[in-house]
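Below: final-v7.pdb (PDB, C-alpha atoms)
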```pdb
MODEL        1
ATOM      1  CA  MET Y   1     -69.552 -31.357 -67.736
ATOM      2  CA  LEU Y   2     -66.644 -29.809 -65.835
ATOM      3  CA  ASP Y   3     -63.931 -32.263 -64.805
ATOM      4  CA  TRP Y   4     -62.990 -31.115 -61.314
ATOM      5  CA  ASP Y   5     -59.628 -32.843 -61.540
ATOM      6  CA  ASP Y   6     -58.696 -30.371 -64.297
ATOM      7  CA  LEU Y   7     -58.765 -27.637 -61.641
ATOM      8  CA  ARG Y   8     -55.836 -29.284 -59.883
ATOM      9  CA  PHE Y   9     -53.715 -28.916 -63.019
ATOM     10  CA  PHE Y  10     -54.876 -25.335 -63.542
ATOM     11  CA  LEU Y  11     -54.000 -24.469 -59.922
ATOM     12  CA  SER Y  12     -50.506 -25.865 -60.199
ATOM     13  CA  LEU Y  13     -49.807 -24.108 -63.484
ATOM     14  CA  ALA Y  14     -51.162 -20.802 -62.152
ATOM     15  CA  ARG Y  15     -49.008 -21.105 -59.030
ATOM     16  CA  HIS Y  16     -45.765 -22.182 -60.669
ATOM     17  CA  GLY Y  17     -46.033 -20.246 -63.921
ATOM     18  CA  SER Y  18     -44.528 -22.900 -66.204
ATOM     19  CA  LEU Y  19     -45.495 -26.257 -67.664
ATOM     20  CA  SER Y  20     -42.260 -27.885 -66.492
ATOM     21  CA  ALA Y  21     -42.667 -26.736 -62.874
ATOM     22  CA  ALA Y  22     -46.324 -27.786 -62.802
ATOM     23  CA  ALA Y  23     -45.498 -31.174 -64.347
ATOM     24  CA  LYS Y  24     -42.798 -31.736 -61.722
ATOM     25  CA  ASP Y  25     -45.200 -30.730 -58.947
ATOM     26  CA  LEU Y  26     -47.886 -33.107 -60.190
ATOM     27  CA  HIS Y  27     -45.516 -35.910 -61.278
ATOM     28  CA  VAL Y  28     -46.908 -35.981 -64.831
ATOM     29  CA  ALA Y  29     -45.659 -35.214 -68.335
ATOM     30  CA  LEU Y  30     -45.642 -31.635 -69.669
ATOM     31  CA  SER Y  31     -48.143 -32.597 -72.342
ATOM     32  CA  THR Y  32     -50.572 -33.785 -69.675
ATOM     33  CA  VAL Y  33     -50.588 -30.388 -67.976
ATOM     34  CA  GLY Y  34     -51.233 -28.610 -71.267
ATOM     35  CA  ARG Y  35     -53.955 -31.069 -72.230
ATOM     36  CA  ARG Y  36     -55.770 -30.731 -68.884
ATOM     37  CA  LEU Y  37     -55.625 -26.931 -69.089
ATOM     38  CA  GLY Y  38     -57.099 -27.077 -72.589
ATOM     39  CA  SER Y  39     -59.837 -29.381 -71.348
ATOM     40  CA  LEU Y  40     -60.776 -26.979 -68.550
ATOM     41  CA  GLU Y  41     -60.757 -23.937 -70.836
ATOM     42  CA  ALA Y  42     -62.925 -25.788 -73.381
ATOM     43  CA  ALA Y  43     -65.422 -26.804 -70.678
ATOM     44  CA  LEU Y  44     -65.698 -23.217 -69.401
ATOM     45  CA  GLY Y  45     -65.542 -21.617 -72.844
ATOM     46  CA  VAL Y  46     -62.947 -19.029 -71.804
ATOM     47  CA  ARG Y  47     -59.185 -18.582 -71.753
ATOM     48  CA  LEU Y  48     -57.788 -18.837 -68.233
ATOM     49  CA  LEU Y  49     -54.040 -18.414 -68.724
ATOM     50  CA  ASN Y  50     -51.930 -16.425 -71.164
ATOM     51  CA  ARG Y  51     -48.396 -17.522 -71.987
ATOM     52  CA  THR Y  52     -45.952 -14.605 -71.572
ATOM     53  CA  PRO Y  53     -42.131 -14.296 -71.591
ATOM     54  CA  ASP Y  54     -42.334 -14.368 -67.777
ATOM     55  CA  GLY Y  55     -44.453 -17.512 -67.695
ATOM     56  CA  TYR Y  56     -48.171 -18.243 -67.592
ATOM     57  CA  GLN Y  57     -50.323 -15.395 -66.241
ATOM     58  CA  THR Y  58     -54.001 -15.574 -65.332
ATOM     59  CA  THR Y  59     -56.550 -13.680 -67.403
ATOM     60  CA  LEU Y  60     -59.388 -11.801 -65.677
ATOM     61  CA  ALA Y  61     -61.556 -14.897 -65.980
ATOM     62  CA  GLY Y  62     -58.640 -17.040 -64.882
ATOM     63  CA  GLN Y  63     -58.153 -14.980 -61.738
ATOM     64  CA  GLU Y  64     -61.781 -15.523 -60.767
ATOM     65  CA  VAL Y  65     -61.511 -19.266 -61.406
ATOM     66  CA  LEU Y  66     -58.242 -19.333 -59.428
ATOM     67  CA  GLU Y  67     -59.840 -17.742 -56.371
ATOM     68  CA  GLN Y  68     -62.782 -20.160 -56.466
ATOM     69  CA  SER Y  69     -60.463 -23.130 -57.050
ATOM     70  CA  ILE Y  70     -58.358 -22.235 -54.013
ATOM     71  CA  ARG Y  71     -61.512 -22.246 -51.869
ATOM     72  CA  LEU Y  72     -62.540 -25.641 -53.249
ATOM     73  CA  GLU Y  73     -59.047 -27.004 -52.676
ATOM     74  CA  ALA Y  74     -59.079 -25.858 -49.058
ATOM     75  CA  VAL Y  75     -62.382 -27.646 -48.444
ATOM     76  CA  ALA Y  76     -61.116 -30.823 -50.135
ATOM     77  CA  LEU Y  77     -57.908 -30.810 -48.085
ATOM     78  CA  LEU Y  78     -59.836 -30.284 -44.876
ATOM     79  CA  LEU Y  79     -62.068 -33.246 -45.722
ATOM     80  CA  GLU Y  80     -59.041 -35.397 -46.612
ATOM     81  CA  ARG Y  81     -57.273 -34.584 -43.347
ATOM     82  CA  SER Y  82     -60.428 -35.245 -41.360
ATOM     83  CA  VAL Y  83     -60.942 -38.653 -42.950
ATOM     84  CA  SER Y  84     -57.279 -39.683 -42.802
ATOM     85  CA  GLY Y  85     -57.174 -38.698 -39.136
ATOM     86  CA  ARG Y  86     -59.657 -41.482 -38.404
ATOM     87  CA  ASP Y  87     -57.399 -44.100 -40.007
ATOM     88  CA  THR Y  88     -56.605 -46.632 -37.302
ATOM     89  CA  THR Y  89     -54.315 -48.974 -39.236
ATOM     90  CA  LEU Y  90     -50.538 -48.885 -39.319
ATOM     91  CA  ALA Y  91     -50.489 -48.864 -43.097
ATOM     92  CA  GLY Y  92     -50.249 -46.379 -45.919
ATOM     93  CA  LEU Y  93     -47.962 -43.641 -47.196
ATOM     94  CA  VAL Y  94     -46.124 -41.186 -44.939
ATOM     95  CA  ARG Y  95     -44.223 -38.377 -46.654
ATOM     96  CA  VAL Y  96     -41.329 -36.778 -44.779
ATOM     97  CA  THR Y  97     -39.599 -33.638 -46.046
ATOM     98  CA  CYS Y  98     -36.330 -32.072 -44.909
ATOM     99  CA  ALA Y  99     -33.046 -30.684 -46.191
ATOM    100  CA  GLU Y 100     -30.804 -32.893 -48.318
ATOM    101  CA  THR Y 101     -28.113 -33.473 -45.678
ATOM    102  CA  VAL Y 102     -30.692 -34.219 -42.984
ATOM    103  CA  ALA Y 103     -32.374 -36.720 -45.306
ATOM    104  CA  ALA Y 104     -29.209 -38.581 -46.266
ATOM    105  CA  HIS Y 105     -27.326 -38.636 -42.975
ATOM    106  CA  ILE Y 106     -29.964 -38.417 -40.229
ATOM    107  CA  LEU Y 107     -33.370 -39.615 -41.394
ATOM    108  CA  ALA Y 108     -32.558 -42.273 -44.002
ATOM    109  CA  PRO Y 109     -30.736 -44.541 -41.500
ATOM    110  CA  ALA Y 110     -33.611 -44.235 -39.026
ATOM    111  CA  LEU Y 111     -36.431 -44.707 -41.496
ATOM    112  CA  ALA Y 112     -34.712 -47.701 -43.104
ATOM    113  CA  ALA Y 113     -35.358 -49.659 -39.915
ATOM    114  CA  LEU Y 114     -39.086 -48.920 -39.925
ATOM    115  CA  HIS Y 115     -39.948 -51.483 -42.572
ATOM    116  CA  ASP Y 116     -39.057 -54.450 -40.372
ATOM    117  CA  ALA Y 117     -41.424 -53.351 -37.618
ATOM    118  CA  HIS Y 118     -44.197 -51.925 -39.835
ATOM    119  CA  PRO Y 119     -43.976 -53.417 -43.341
ATOM    120  CA  ASP Y 120     -47.304 -51.893 -44.433
ATOM    121  CA  ILE Y 121     -46.122 -48.316 -43.894
ATOM    122  CA  MET Y 122     -44.521 -46.886 -47.020
ATOM    123  CA  LEU Y 123     -42.196 -43.922 -46.571
ATOM    124  CA  GLU Y 124     -41.456 -41.183 -49.050
ATOM    125  CA  LEU Y 125     -38.405 -39.149 -48.035
ATOM    126  CA  ILE Y 126     -38.399 -35.813 -49.852
ATOM    127  CA  PRO Y 127     -35.131 -33.838 -49.687
ATOM    128  CA  ASN Y 128     -36.107 -30.309 -50.580
ATOM    129  CA  PRO Y 129     -34.587 -26.945 -49.579
ATOM    130  CA  ARG Y 130     -38.054 -25.427 -49.973
ATOM    131  CA  GLU Y 131     -40.383 -25.836 -47.017
ATOM    132  CA  LEU Y 132     -43.154 -27.996 -48.436
ATOM    133  CA  SER Y 133     -46.653 -27.169 -47.211
ATOM    134  CA  LEU Y 134     -48.126 -29.582 -44.690
ATOM    135  CA  ALA Y 135     -51.484 -27.811 -44.923
ATOM    136  CA  MET Y 136     -51.545 -28.418 -48.697
ATOM    137  CA  ARG Y 137     -50.570 -32.087 -48.152
ATOM    138  CA  GLU Y 138     -47.278 -31.744 -50.007
ATOM    139  CA  ALA Y 139     -45.863 -33.731 -47.070
ATOM    140  CA  ASP Y 140     -47.092 -35.229 -43.781
ATOM    141  CA  ILE Y 141     -44.055 -34.550 -41.591
ATOM    142  CA  SER Y 142     -41.314 -31.963 -41.834
ATOM    143  CA  VAL Y 143     -37.958 -31.813 -40.083
ATOM    144  CA  ARG Y 144     -36.839 -28.197 -40.142
ATOM    145  CA  LEU Y 145     -33.938 -26.199 -38.776
ATOM    146  CA  LYS Y 146     -35.951 -23.086 -38.081
ATOM    147  CA  ARG Y 147     -39.222 -22.894 -36.199
ATOM    148  CA  PRO Y 148     -42.295 -22.346 -38.392
ATOM    149  CA  GLU Y 149     -44.901 -19.862 -37.258
ATOM    150  CA  GLN Y 150     -48.120 -21.191 -38.835
ATOM    151  CA  HIS Y 151     -50.861 -21.633 -36.243
ATOM    152  CA  ASP Y 152     -52.174 -24.931 -37.647
ATOM    153  CA  LEU Y 153     -48.893 -26.807 -37.148
ATOM    154  CA  VAL Y 154     -47.720 -28.807 -34.149
ATOM    155  CA  VAL Y 155     -44.052 -28.046 -33.585
ATOM    156  CA  ARG Y 156     -41.605 -29.739 -31.214
ATOM    157  CA  ARG Y 157     -37.879 -29.211 -30.784
ATOM    158  CA  ILE Y 158     -36.156 -32.593 -30.740
ATOM    159  CA  GLY Y 159     -32.500 -31.620 -30.902
ATOM    160  CA  THR Y 160     -29.792 -29.133 -31.809
ATOM    161  CA  LEU Y 161     -27.486 -29.016 -34.813
ATOM    162  CA  ALA Y 162     -24.045 -27.534 -34.161
ATOM    163  CA  PHE Y 163     -22.051 -25.725 -36.853
ATOM    164  CA  GLY Y 164     -18.359 -25.016 -37.231
ATOM    165  CA  LEU Y 165     -15.956 -23.307 -39.603
ATOM    166  CA  TYR Y 166     -13.969 -25.704 -41.803
ATOM    167  CA  ALA Y 167     -11.398 -25.726 -44.568
ATOM    168  CA  SER Y 168      -9.509 -28.519 -46.278
ATOM    169  CA  THR Y 169      -5.871 -29.367 -45.601
ATOM    170  CA  ALA Y 170      -5.079 -28.489 -49.224
ATOM    171  CA  TYR Y 171      -6.665 -25.048 -48.887
ATOM    172  CA  LEU Y 172      -4.746 -24.296 -45.680
ATOM    173  CA  GLU Y 173      -1.479 -25.408 -47.279
ATOM    174  CA  ARG Y 174      -2.037 -23.006 -50.180
ATOM    175  CA  HIS Y 175      -3.240 -20.008 -48.176
ATOM    176  CA  GLY Y 176      -1.534 -20.497 -44.850
ATOM    177  CA  PRO Y 177      -3.005 -20.425 -41.332
ATOM    178  CA  VAL Y 178      -6.277 -18.592 -40.914
ATOM    179  CA  GLU Y 179      -5.831 -15.365 -38.963
ATOM    180  CA  PHE Y 180      -8.991 -13.441 -38.170
ATOM    181  CA  VAL Y 181      -7.738 -10.000 -39.112
ATOM    182  CA  SER Y 182      -8.514  -7.447 -41.823
ATOM    183  CA  GLY Y 183     -11.901  -8.994 -42.534
ATOM    184  CA  MET Y 184     -10.203 -12.140 -43.851
ATOM    185  CA  LEU Y 185      -8.890 -10.336 -46.925
ATOM    186  CA  GLY Y 186      -7.165 -12.797 -49.238
ATOM    187  CA  HIS Y 187      -9.240 -15.759 -48.132
ATOM    188  CA  HIS Y 188     -12.119 -17.445 -49.943
ATOM    189  CA  CYS Y 189     -15.439 -18.591 -48.542
ATOM    190  CA  ILE Y 190     -18.291 -20.857 -49.571
ATOM    191  CA  THR Y 191     -21.698 -19.388 -48.782
ATOM    192  CA  GLN Y 192     -25.096 -21.040 -48.475
ATOM    193  CA  GLN Y 193     -28.503 -19.460 -48.868
ATOM    194  CA  GLU Y 194     -30.900 -22.258 -47.893
ATOM    195  CA  ASP Y 195     -30.931 -26.002 -47.204
ATOM    196  CA  VAL Y 196     -29.335 -26.772 -43.824
ATOM    197  CA  GLN Y 197     -28.309 -23.227 -43.014
ATOM    198  CA  ASP Y 198     -30.593 -20.273 -42.477
ATOM    199  CA  ALA Y 199     -29.925 -16.539 -42.312
ATOM    200  CA  THR Y 200     -28.318 -16.857 -38.856
ATOM    201  CA  GLN Y 201     -25.280 -18.835 -39.982
ATOM    202  CA  ALA Y 202     -24.997 -16.890 -43.252
ATOM    203  CA  ALA Y 203     -24.995 -13.580 -41.364
ATOM    204  CA  TRP Y 204     -22.375 -14.886 -38.932
ATOM    205  CA  LEU Y 205     -20.043 -15.899 -41.777
ATOM    206  CA  GLY Y 206     -20.594 -12.552 -43.519
ATOM    207  CA  ASP Y 207     -19.672 -10.635 -40.351
ATOM    208  CA  LEU Y 208     -16.597 -12.811 -39.782
ATOM    209  CA  MET Y 209     -15.281 -12.589 -43.328
ATOM    210  CA  PRO Y 210     -16.581  -9.314 -44.833
ATOM    211  CA  GLN Y 211     -13.616  -8.948 -47.192
ATOM    212  CA  ALA Y 212     -13.222 -12.568 -48.175
ATOM    213  CA  ARG Y 213     -13.869 -13.477 -51.781
ATOM    214  CA  ILE Y 214     -16.919 -15.678 -52.357
ATOM    215  CA  ALA Y 215     -15.645 -18.701 -54.244
ATOM    216  CA  ILE Y 216     -18.927 -20.613 -54.459
ATOM    217  CA  GLN Y 217     -22.490 -19.773 -53.495
ATOM    218  CA  THR Y 218     -24.962 -22.634 -53.233
ATOM    219  CA  THR Y 219     -28.332 -23.670 -51.807
ATOM    220  CA  SER Y 220     -27.033 -27.193 -51.128
ATOM    221  CA  HIS Y 221     -25.196 -28.051 -47.920
ATOM    222  CA  GLU Y 222     -23.854 -31.222 -49.532
ATOM    223  CA  ALA Y 223     -22.411 -29.146 -52.370
ATOM    224  CA  ALA Y 224     -20.777 -26.822 -49.826
ATOM    225  CA  VAL Y 225     -19.200 -29.804 -48.050
ATOM    226  CA  VAL Y 226     -17.799 -31.218 -51.302
ATOM    227  CA  ALA Y 227     -16.534 -27.794 -52.388
ATOM    228  CA  ALA Y 228     -14.744 -27.362 -49.047
ATOM    229  CA  VAL Y 229     -13.223 -30.842 -49.303
ATOM    230  CA  HIS Y 230     -11.802 -29.903 -52.712
ATOM    231  CA  GLY Y 231     -10.226 -26.718 -51.401
ATOM    232  CA  ALA Y 232     -12.613 -24.027 -52.604
ATOM    233  CA  GLY Y 233     -12.457 -22.095 -49.336
ATOM    234  CA  LEU Y 234     -13.732 -21.801 -45.788
ATOM    235  CA  ALA Y 235     -17.270 -22.983 -45.121
ATOM    236  CA  CYS Y 236     -19.714 -22.967 -42.237
ATOM    237  CA  LEU Y 237     -20.781 -26.621 -42.023
ATOM    238  CA  ALA Y 238     -22.791 -28.881 -39.761
ATOM    239  CA  CYS Y 239     -20.213 -30.418 -37.409
ATOM    240  CA  PHE Y 240     -21.523 -33.969 -37.717
ATOM    241  CA  ARG Y 241     -21.335 -33.807 -41.519
ATOM    242  CA  ALA Y 242     -17.870 -32.252 -41.654
ATOM    243  CA  ALA Y 243     -16.596 -34.909 -39.232
ATOM    244  CA  LEU Y 244     -17.208 -37.521 -41.938
ATOM    245  CA  GLU Y 245     -14.581 -35.887 -44.186
ATOM    246  CA  PRO Y 246     -11.014 -36.695 -43.050
ATOM    247  CA  THR Y 247      -9.432 -33.896 -45.121
ATOM    248  CA  LEU Y 248     -11.446 -31.126 -43.469
ATOM    249  CA  ARG Y 249      -9.940 -29.208 -40.581
ATOM    250  CA  ARG Y 250     -12.017 -27.312 -38.039
ATOM    251  CA  ILE Y 251     -10.947 -23.724 -37.496
ATOM    252  CA  MET Y 252     -11.753 -22.022 -34.192
ATOM    253  CA  PRO Y 253     -13.060 -18.493 -34.850
ATOM    254  CA  PRO Y 254     -13.178 -15.715 -32.227
ATOM    255  CA  SER Y 255     -16.936 -16.211 -31.807
ATOM    256  CA  ALA Y 256     -18.903 -19.448 -31.847
ATOM    257  CA  VAL Y 257     -20.951 -20.336 -34.885
ATOM    258  CA  PRO Y 258     -24.697 -20.136 -34.036
ATOM    259  CA  SER Y 259     -26.360 -23.536 -33.737
ATOM    260  CA  ALA Y 260     -29.792 -24.440 -35.118
ATOM    261  CA  GLY Y 261     -32.726 -26.158 -33.470
ATOM    262  CA  ILE Y 262     -34.042 -29.362 -35.028
ATOM    263  CA  TRP Y 263     -37.818 -28.990 -35.219
ATOM    264  CA  LEU Y 264     -40.274 -31.808 -35.866
ATOM    265  CA  VAL Y 265     -43.409 -30.474 -37.544
ATOM    266  CA  VAL Y 266     -46.785 -32.061 -38.311
ATOM    267  CA  HIS Y 267     -50.184 -30.646 -39.186
ATOM    268  CA  SER Y 268     -52.586 -30.513 -36.249
ATOM    269  CA  ASP Y 269     -55.243 -32.432 -38.206
ATOM    270  CA  SER Y 270     -53.016 -35.445 -38.902
ATOM    271  CA  ARG Y 271     -50.761 -35.769 -35.873
ATOM    272  CA  ARG Y 272     -52.974 -38.484 -34.305
ATOM    273  CA  THR Y 273     -53.035 -40.683 -37.411
ATOM    274  CA  PRO Y 274     -51.371 -43.909 -36.187
ATOM    275  CA  ARG Y 275     -48.925 -44.387 -39.056
ATOM    276  CA  ILE Y 276     -47.821 -40.745 -38.778
ATOM    277  CA  ARG Y 277     -47.428 -41.031 -35.002
ATOM    278  CA  VAL Y 278     -45.184 -44.076 -35.464
ATOM    279  CA  VAL Y 279     -42.905 -42.160 -37.822
ATOM    280  CA  LEU Y 280     -42.886 -39.099 -35.536
ATOM    281  CA  SER Y 281     -41.799 -41.251 -32.596
ATOM    282  CA  LEU Y 282     -39.088 -42.986 -34.633
ATOM    283  CA  ILE Y 283     -37.608 -39.691 -35.840
ATOM    284  CA  THR Y 284     -37.670 -38.232 -32.321
ATOM    285  CA  GLU Y 285     -35.935 -41.242 -30.776
ATOM    286  CA  HIS Y 286     -33.293 -41.400 -33.508
ATOM    287  CA  VAL Y 287     -32.405 -37.694 -33.391
ATOM    288  CA  ARG Y 288     -32.141 -37.776 -29.605
ATOM    289  CA  ALA Y 289     -29.930 -40.860 -29.809
ATOM    290  CA  MET Y 290     -27.614 -38.918 -32.159
ATOM    291  CA  ARG Y 291     -27.259 -36.007 -29.751
ATOM    292  CA  THR Y 292     -23.513 -36.341 -29.197
ATOM    293  CA  LEU Y 293     -22.913 -36.373 -32.953
ATOM    294  CA  LEU Y 294     -25.295 -33.587 -33.893
ATOM    295  CA  ASP Y 295     -24.337 -31.252 -31.048
ATOM    296  CA  PRO Y 296     -20.866 -32.223 -29.817
ATOM    297  CA  VAL Y 297     -20.308 -28.812 -28.225
ATOM    298  CA  ALA Y 298     -23.195 -29.355 -25.798
ATOM    299  CA  ASP Y 299     -21.690 -32.698 -24.809
ATOM    300  CA  GLY Y 300     -18.203 -31.301 -24.349
ATOM    301  CA  LEU Y 301     -16.851 -32.942 -27.495
ATOM    302  CA  GLY Y 302     -16.497 -29.885 -29.715
TER
ENDMDL
END
```
Could I get this structure in the form of structure tokens?
Amino acid sequence: MLDWDDLRFFLSLARHGSLSAAAKDLHVALSTVGRRLGSLEAALGVRLLNRTPDGYQTTLAGQEVLEQSIRLEAVALLLERSVSGRDTTLAGLVRVTCAETVAAHILAPALAALHDAHPDIMLELIPNPRELSLAMREADISVRLKRPEQHDLVVRRIGTLAFGLYASTAYLERHGPVEFVSGMLGHHCITQQEDVQDATQAAWLGDLMPQARIAIQTTSHEAAVVAAVHGAGLACLACFRAALEPTLRRIMPPSAVPSAGIWLVVHSDSRRTPRIRVVLSLITEHVRAMRTLLDPVADGLG
């Protein structure tokens, strides 16, 4: 008889294309993923995935099973959300995803206080530059710095994150004062592709410094902060995070760095679940209480 749980392993492997990525997604060993795939293929009597230099690819039979499995998964997730939405106890797991810097410096201090008031709620804080799917139950709550467009999500703006241009004292001593001429030729910059920043801040920095040499490119805002502290170059950083580093100096460019909205996101099917509502309220209150730190320009402090 077909073990329906094997389909979950097949789906992950088909989506991610490698045993290691699927094992990480499912929080199991690599051998477990391979064993469950073999079990499913033996039960169906057909090969579902071929291993290629570019990763695992579905066969014709595998593509048909994949399409059917996605439909079954959608039904199962809908049922799970419907049942969990009727949960009336302040207990259970709540998974919150966000960027690394937001997790460490904004959410972790707030969520740490939750345990005293609600000891039966267990929190999983997931720092991830990738936007985890709330519809696929990869997380229950997301704190994002760009507004999602999916129709099945409830989205609320709870704050603003200001950015500034920074360099270390050591960098400025080596390269001299920053003058915004000649496309910043002779200067170095640290660029970010994801995490805290989005395309808005990256485009702004590219327009400001078109001739600057890229010293480091990273998807981690924390890595950009550390690189700037150690003199790698100029970086567009969240003001509240840069303020924690005494060796960083803010540089005032001819145009303001675009800010980012702080968006609190939850799936429409689970927003009324009591334990999720408690966490949503806590995050909202904490971010609003940090307003003068997160957006000092709006409060006349920048």
When you look at segment 163-166 of chain Y with a cut-off of 8 Å (counting only C-alpha atoms), what residues show up, excluding the ones that are within fewer than 6 positions of it in the same chain? I need them as a PDB file with C-alpha atoms, keeping the file's coordinate frame.
```
ATOM      1  CA  ALA Y 228     -14.744 -27.362 -49.047  1.00  0.00           C
ATOM      2  CA  LEU Y 234     -13.732 -21.801 -45.788  1.00  0.00           C
ATOM      3  CA  ALA Y 235     -17.270 -22.983 -45.121  1.00  0.00           C
ATOM      4  CA  CYS Y 236     -19.714 -22.967 -42.237  1.00  0.00           C
ATOM      5  CA  LEU Y 237     -20.781 -26.621 -42.023  1.00  0.00           C
ATOM      6  CA  ALA Y 238     -22.791 -28.881 -39.761  1.00  0.00           C
ATOM      7  CA  CYS Y 239     -20.213 -30.418 -37.409  1.00  0.00           C
ATOM      8  CA  ALA Y 242     -17.870 -32.252 -41.654  1.00  0.00           C
ATOM      9  CA  LEU Y 248     -11.446 -31.126 -43.469  1.00  0.00           C
ATOM     10  CA  ARG Y 249      -9.940 -29.208 -40.581  1.00  0.00           C
ATOM     11  CA  ARG Y 250     -12.017 -27.312 -38.039  1.00  0.00           C
ATOM     12  CA  ILE Y 251     -10.947 -23.724 -37.496  1.00  0.00           C
ATOM     13  CA  MET Y 252     -11.753 -22.022 -34.192  1.00  0.00           C
ATOM     14  CA  PRO Y 253     -13.060 -18.493 -34.850  1.00  0.00           C
ATOM     15  CA  ALA Y 256     -18.903 -19.448 -31.847  1.00  0.00           C
ATOM     16  CA  VAL Y 257     -20.951 -20.336 -34.885  1.00  0.00           C
ATOM     17  CA  PRO Y 258     -24.697 -20.136 -34.036  1.00  0.00           C
ATOM     18  CA  SER Y 259     -26.360 -23.536 -33.737  1.00  0.00           C
TER      19      SER Y 259
END
```
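Nearest-residue note for His286 of chain Y: choosing from Y:His27, Y:Leu77, Y:Pro109, Y:Ala260, the minimum distance belongs to Y:Pro109, counting all atoms listed in the file.
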Using all atoms listed in the file, what does the table of segment 90-144 of chain Y residues within 9 Å of segment 177-195 of chain Y look like, with each row giving the shortest atom pair and its distance in Å to one decimal, sorted by chain and ascending number, as a Markdown table?
```
| residue | atom | partner | partner_atom | distance |
| --- | --- | --- | --- | --- |
| Y:Cys98 | CA | Y:Asp195 | CA | 8.4 |
| Y:Ala99 | CA | Y:Asp195 | CA | 5.2 |
| Y:Glu100 | CA | Y:Asp195 | CA | 7.0 |
| Y:Thr101 | CA | Y:Asp195 | CA | 8.1 |
| Y:Asn128 | CA | Y:Asp195 | CA | 7.5 |
| Y:Pro129 | CA | Y:Asp195 | CA | 4.5 |
| Y:Arg130 | CA | Y:Asp195 | CA | 7.7 |
```
request  = Go through Y:Ser12, Y:Ser69, Y:Thr89, Y:Thr284 and flag the residue nearest Leu264 of chain Y, using only C-alpha atoms for the distances.
outcome  =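 Smallest separation from Leu264 of chain Y among the options: Y:Thr284.
Minimum distance to Leu153 of chain Y across Y:Leu134, Y:Ala108, Y:Ala202, Y:Leu49 (counting all atoms listed in the file) occurs at Y:Leu134.
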ask   = Quick one: which residues end up in the PyMOL selection byres ((chain Y and resi 269-278) around 12) for this structure, as a ChimeraX atom specification?
value = /Y:77-96,111,114-115,117-123,134-137,139-142,151-156,264-268,279-285
inquiry  = What's the separation between atom CA of Leu60 of chain Y and atom CA of Ala14 of chain Y, in Å to one decimal place?
reply    =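 These atoms are spaced 12.7 Å apart.
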request  = Choose the residue, out of Y:Val75, Y:Arg47, Y:Leu26, Y:Pro254, that has the smallest atom-to-atom separation from Met209 of chain Y; count all atoms listed in the file.
outcome  =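 Going through Y:Val75, Y:Arg47, Y:Leu26, Y:Pro254 one by one, the smallest distance to Met209 of chain Y is for Y:Pro254.
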query = Could you list as JSON, numbers by chain every residue that has an atom within 9 Å of (-46.6, -26.3, -70.6), using the file's coordinates and counting all atoms listed in the file?
reply = {"Y": [13, 18, 19, 20, 21, 22, 23, 30, 31, 32, 33, 34, 35, 56]}
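The interatomic distance for the pair atom CA of Leu66 of chain Y and atom CA of Leu11 of chain Y works out to 6.7 Å.
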query = By how many Å are atom CA of Leu161 of chain Y and atom CA of Ala110 of chain Y apart?
reply = 16.9 Å
task = Find, counting only C-alpha atoms, the residue in Y:Leu145, Y:Arg241, Y:Asp116, Y:Asp5 that gets nearest to Ala223 of chain Y.
result =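 Closest candidate: Y:Arg241.
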Report, as AutoDock Vina command-line options, the centre and edge lengths in Å (one decimal) of the axis-aligned box enclosing every listed atom of segment 203-216 of chain Y, padded by 4 Å on each side.
```
--center_x -19.1 --center_y -14.8 --center_z -46.7 --size_x 19.8 --size_y 19.7 --size_z 23.5
```
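When all atoms listed in the file are used to compute distances to Tyr171 of chain Y, the closest of the residues Y:Pro210, Y:Arg144, Y:Pro127, Y:Gly233 turns out to be Y:Gly233.
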task = Go through the shown structure with the PyMOL selection byres ((chain Y and resi 229) around 8) and write out the matching residues as a list of chain:residue names.
result =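 Applied to this file, the PyMOL selection byres ((chain Y and resi 229) around 8) selects Y:Ala167, Y:Ser168, Y:Val225, Y:Val226, Y:Ala227, Y:Ala228, Y:His230, Y:Gly231, Y:Ala232, Y:Glu245, Y:Thr247, Y:Leu248.
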